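Engineer: Just passing along the structure, written as C-alpha cells.
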Amino acid sequence: MTSAMLSRRSLIASVGAVAATGLSGIIVPAQAKGLAPTPSMRGGSNNYRPGAPIVERIGNGGFWMTGTVRRAGDGAPLGGQRIQIWAHTTEGHERDPHSHGATLTDANGNFRLEMPQIVPAFGQPHGHLAYDSDEFETVFLRPIMRSSKDKTLEAHFVLQAA
Amino acid sequence: MSNSRAGLIWAAVAIAILVPLIAAAASPLLAWREPIYIAAGFAGIIALGLLLLQPLLIGGFLPGLSGLSARRVHRWIGAIVVLAVIVHVVALWITSPPDVIDALLFVSPTPFSVWGVLAMWAVFAAAFLAAFRKRLGIRPRTWRLLHTSLAAVIVTGTVVHAALIEGTMETVTKLALCSLVIVVTIKVFVDLRVWARGAASR
C-alpha cells in the first residue's frame, strides 16, 4: 500500500513537473513574440458589406461603439486604420446598407463611432466590426453586450501584418 | 369529470399557451423587426406552446379527448409543429441567411442554436417515423422507444434553445411555459412507464 501511495505521489509530482515544463514551453515563445493577434470571431463576418462609407455617425446615433487597434508583437497603436461597424439597431437590420458605416482610428489607435441603439437580434444584443484593408490580415469581431440596455460596446483589434 | 372541472383544465391550458404569446406580442423588440422576422419568432413560440399539448393529449389529461381521438389530435398537432419549425427556419433564413447557415452547420457563435437545430431534426425524424411507421414495419415496442426518445430530445432541445435566447418572449412567461412543458412531459413518461423494461404497448 505504502509503495503504491509513494508511486502515486511521485507520479503526480512528475506529471506536475512535465506539465509545468510543457506550459512554460508554450508560454515563453508567446512572451518572446509579444502581443498575439486577435483571431476573428465566429459569425463575425455575417451580413458584412465591404466598402461601407466612412461616416460622421450611423443614422441618428445615441449609442457608441469604441475600441482600439494595435499591432501584433510590440502592441504599437495603429492610427488611420479603417474599421467598419454594423449591427441590428433601432433604425435597421444588419443587412440594411444604412446600418453600416466606417471610421478611422486616431493617432493613438482609438476609434469611436456613434450609431443607433443596438437591440437584440438572433438571440443576442451584439455588434459586428471588421478590419478589412490591405496592410494587415482581415479580422471580424462580434462582441456581445452585457445588457441590451447598455449604451456602449467596445472591441479591440490586434492586427498582424498581411 | 364534471363540466366545471373540464372547463378549468382547458382554461389553464389556454392560459399557459396564450399568455406567453400575448406577452411576446407586447415586446418592444417588435418595433425594430420586419414582418418576416416577427413571423419567424412567433412560429417558434407557437411550436413551443404546442409542445405542451402533445404530452397532455397522450396522458389523457385533456377533457373530452381520450384514446383514439386524443391520438388523432396529437398527430395533427405534430404536423402543425413540423410546419411551424419550417416557417421558423425559412423566415429566419430570409431575415439573415448567414446566421441560419451557421446554425444549421453547427458553427454558430450563439450557444442556443445547436439546441434548436437538434430539436428541429428530432421533430422531422419523429414526423417521418410517424408517417411511415406501418410501411417501415416498426414494432410497437420499438416505435414507443424511438418516439419517446425523440420527444425527449425535442422537449430538451426546444426548452434550452428558448431559455437561452434574448428575444421577443417575456422572461417569466417563457420560463413558466418551458417548465410546464418539461414537468408535463416527465409526468406522462413516468405515468406511462415509457422506458420501463417490458412496458406494454398501448
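Ordered as shown in the C-alpha cells, chains take letters A, B, and onward, while each chain numbers its residues from 1 and ligands are numbered from 1 in the order shown.
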Compile the contact shell of segment 105-111 of chain A as a list in words: residues with an atom at most 6 Å away, counting only C-alpha atoms, same-chain residues fewer than 6 positions apart removed.
Structural biologist: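 In the requested form, the answer reads Thr66, Gly67, Thr68, Val69, Pro77, Leu78, Gly79, Gly80 and Gln81 of chain A.
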Engineer: Using only C-alpha atoms, what table do you get, as a tab-separated table, when you list each residue of chain A with an atom no more than 9 Å from chain B, its nearest pair of atoms, and their distance in Å rounded to one decimal, rows by chain then rising number?
Structural biologist:
```
residue	atom	partner	partner_atom	distance
A:Met41	CA	B:Pro109	CA	7.8
A:Arg42	CA	B:Pro109	CA	5.2
A:Gly43	CA	B:Pro109	CA	5.9
A:Gly44	CA	B:Pro109	CA	8.6
A:Ser45	CA	B:Pro98	CA	8.8
A:Asn46	CA	B:Pro98	CA	5.6
A:Asn47	CA	B:Pro98	CA	6.9
A:His88	CA	B:Trp32	CA	8.5
A:Thr89	CA	B:Trp32	CA	7.3
A:Thr90	CA	B:Trp32	CA	5.4
A:Glu91	CA	B:Trp32	CA	7.0
A:Gly92	CA	B:Trp32	CA	7.0
A:His93	CA	B:Arg33	CA	7.5
A:Glu94	CA	B:Ser96	CA	8.0
A:Arg95	CA	B:Ser96	CA	7.3
A:Val119	CA	B:Leu29	CA	7.3
A:Pro120	CA	B:Gly167	CA	6.5
A:Ala121	CA	B:Gly167	CA	7.1
A:Phe122	CA	B:Gly167	CA	7.5
A:Gly123	CA	B:Ile165	CA	4.5
A:Gln124	CA	B:Glu166	CA	5.6
A:Pro125	CA	B:Glu166	CA	7.8
A:Arg142	CA	B:Pro109	CA	8.8
A:Ser148	CA	B:Glu166	CA	9.0
```
Engineer: Write out as an NGL selection string which residues come within 12 Å of segment 171-188 of chain B when counting only C-alpha atoms, dropping same-chain ones fewer than 5 positions away.
Structural biologist: :B and (12-24 or 27 or 44-61 or 148-149 or 151-166 or 193-195)
Engineer: Name the residues in contact with segment 124-126 of chain B at a cut-off of 9 Å, using only C-alpha atoms, excluding same-chain residues fewer than 5 positions from it; report them as a ChimeraX atom specification.
Structural biologist: /B:78,82,119,131,146-147,150-151
Engineer: So how many Å separate atom CA of Ile83 of chain A and atom CA of Leu129 of chain A, to one decimal?
Structural biologist: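 Answer for the atom CA of Ile83 of chain A to atom CA of Leu129 of chain A separation: 6.7 Å.
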Engineer: Extract, using only C-alpha atoms, all DNA, RNA and protein residues at most 8 Å from Val87 of chain B, discarding same-chain residues fewer than 2 positions from it, and format them as a ChimeraX atom specification.
Structural biologist: /B:39-40,43,83-85,89-91
Engineer: Would you mind writing down, as a ChimeraX atom specification, each residue of segment 118-152 of chain B that DSSP on the backbone assigns to alpha helix (DSSP H)?
Structural biologist: /B:118-132,140-152
Engineer: Interatomic distance between atom CA of Leu104 of chain B and atom CA of His88 of chain B?
Structural biologist: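 Computed distance, atom CA of Leu104 of chain B to atom CA of His88 of chain B, equals 12.9 Å.
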Engineer: Find the spatial neighbours of segment 85-87 of chain A, counting only C-alpha atoms, within a cut-off of 8 Å - ignore same-chain residues fewer than 4 positions away - and output them as a ChimeraX atom specification.
Structural biologist: /A:48,93-94,99-102,118,126-130
Engineer: Would you save the residues from that selection as a PDB file, in the first residue's frame, using C-alpha atoms?
Structural biologist:
```
ATOM      1  CA  TYR A  48     -20.734  42.211 -43.902  1.00  0.00           C
ATOM      2  CA  HIS A  93     -31.471  45.317 -39.765  1.00  0.00           C
ATOM      3  CA  GLU A  94     -27.897  44.099 -40.123  1.00  0.00           C
ATOM      4  CA  SER A  99     -26.934  50.066 -40.731  1.00  0.00           C
ATOM      5  CA  HIS A 100     -23.306  50.034 -41.916  1.00  0.00           C
ATOM      6  CA  GLY A 101     -20.581  52.644 -41.535  1.00  0.00           C
ATOM      7  CA  ALA A 102     -16.842  53.003 -41.153  1.00  0.00           C
ATOM      8  CA  ILE A 118     -28.175  48.095 -30.773  1.00  0.00           C
ATOM      9  CA  HIS A 126     -24.375  42.133 -30.443  1.00  0.00           C
ATOM     10  CA  GLY A 127     -22.398  44.257 -32.859  1.00  0.00           C
ATOM     11  CA  HIS A 128     -20.106  43.493 -35.780  1.00  0.00           C
ATOM     12  CA  LEU A 129     -16.747  45.078 -36.586  1.00  0.00           C
ATOM     13  CA  ALA A 130     -14.300  44.477 -39.389  1.00  0.00           C
TER      14      ALA A 130
END
```
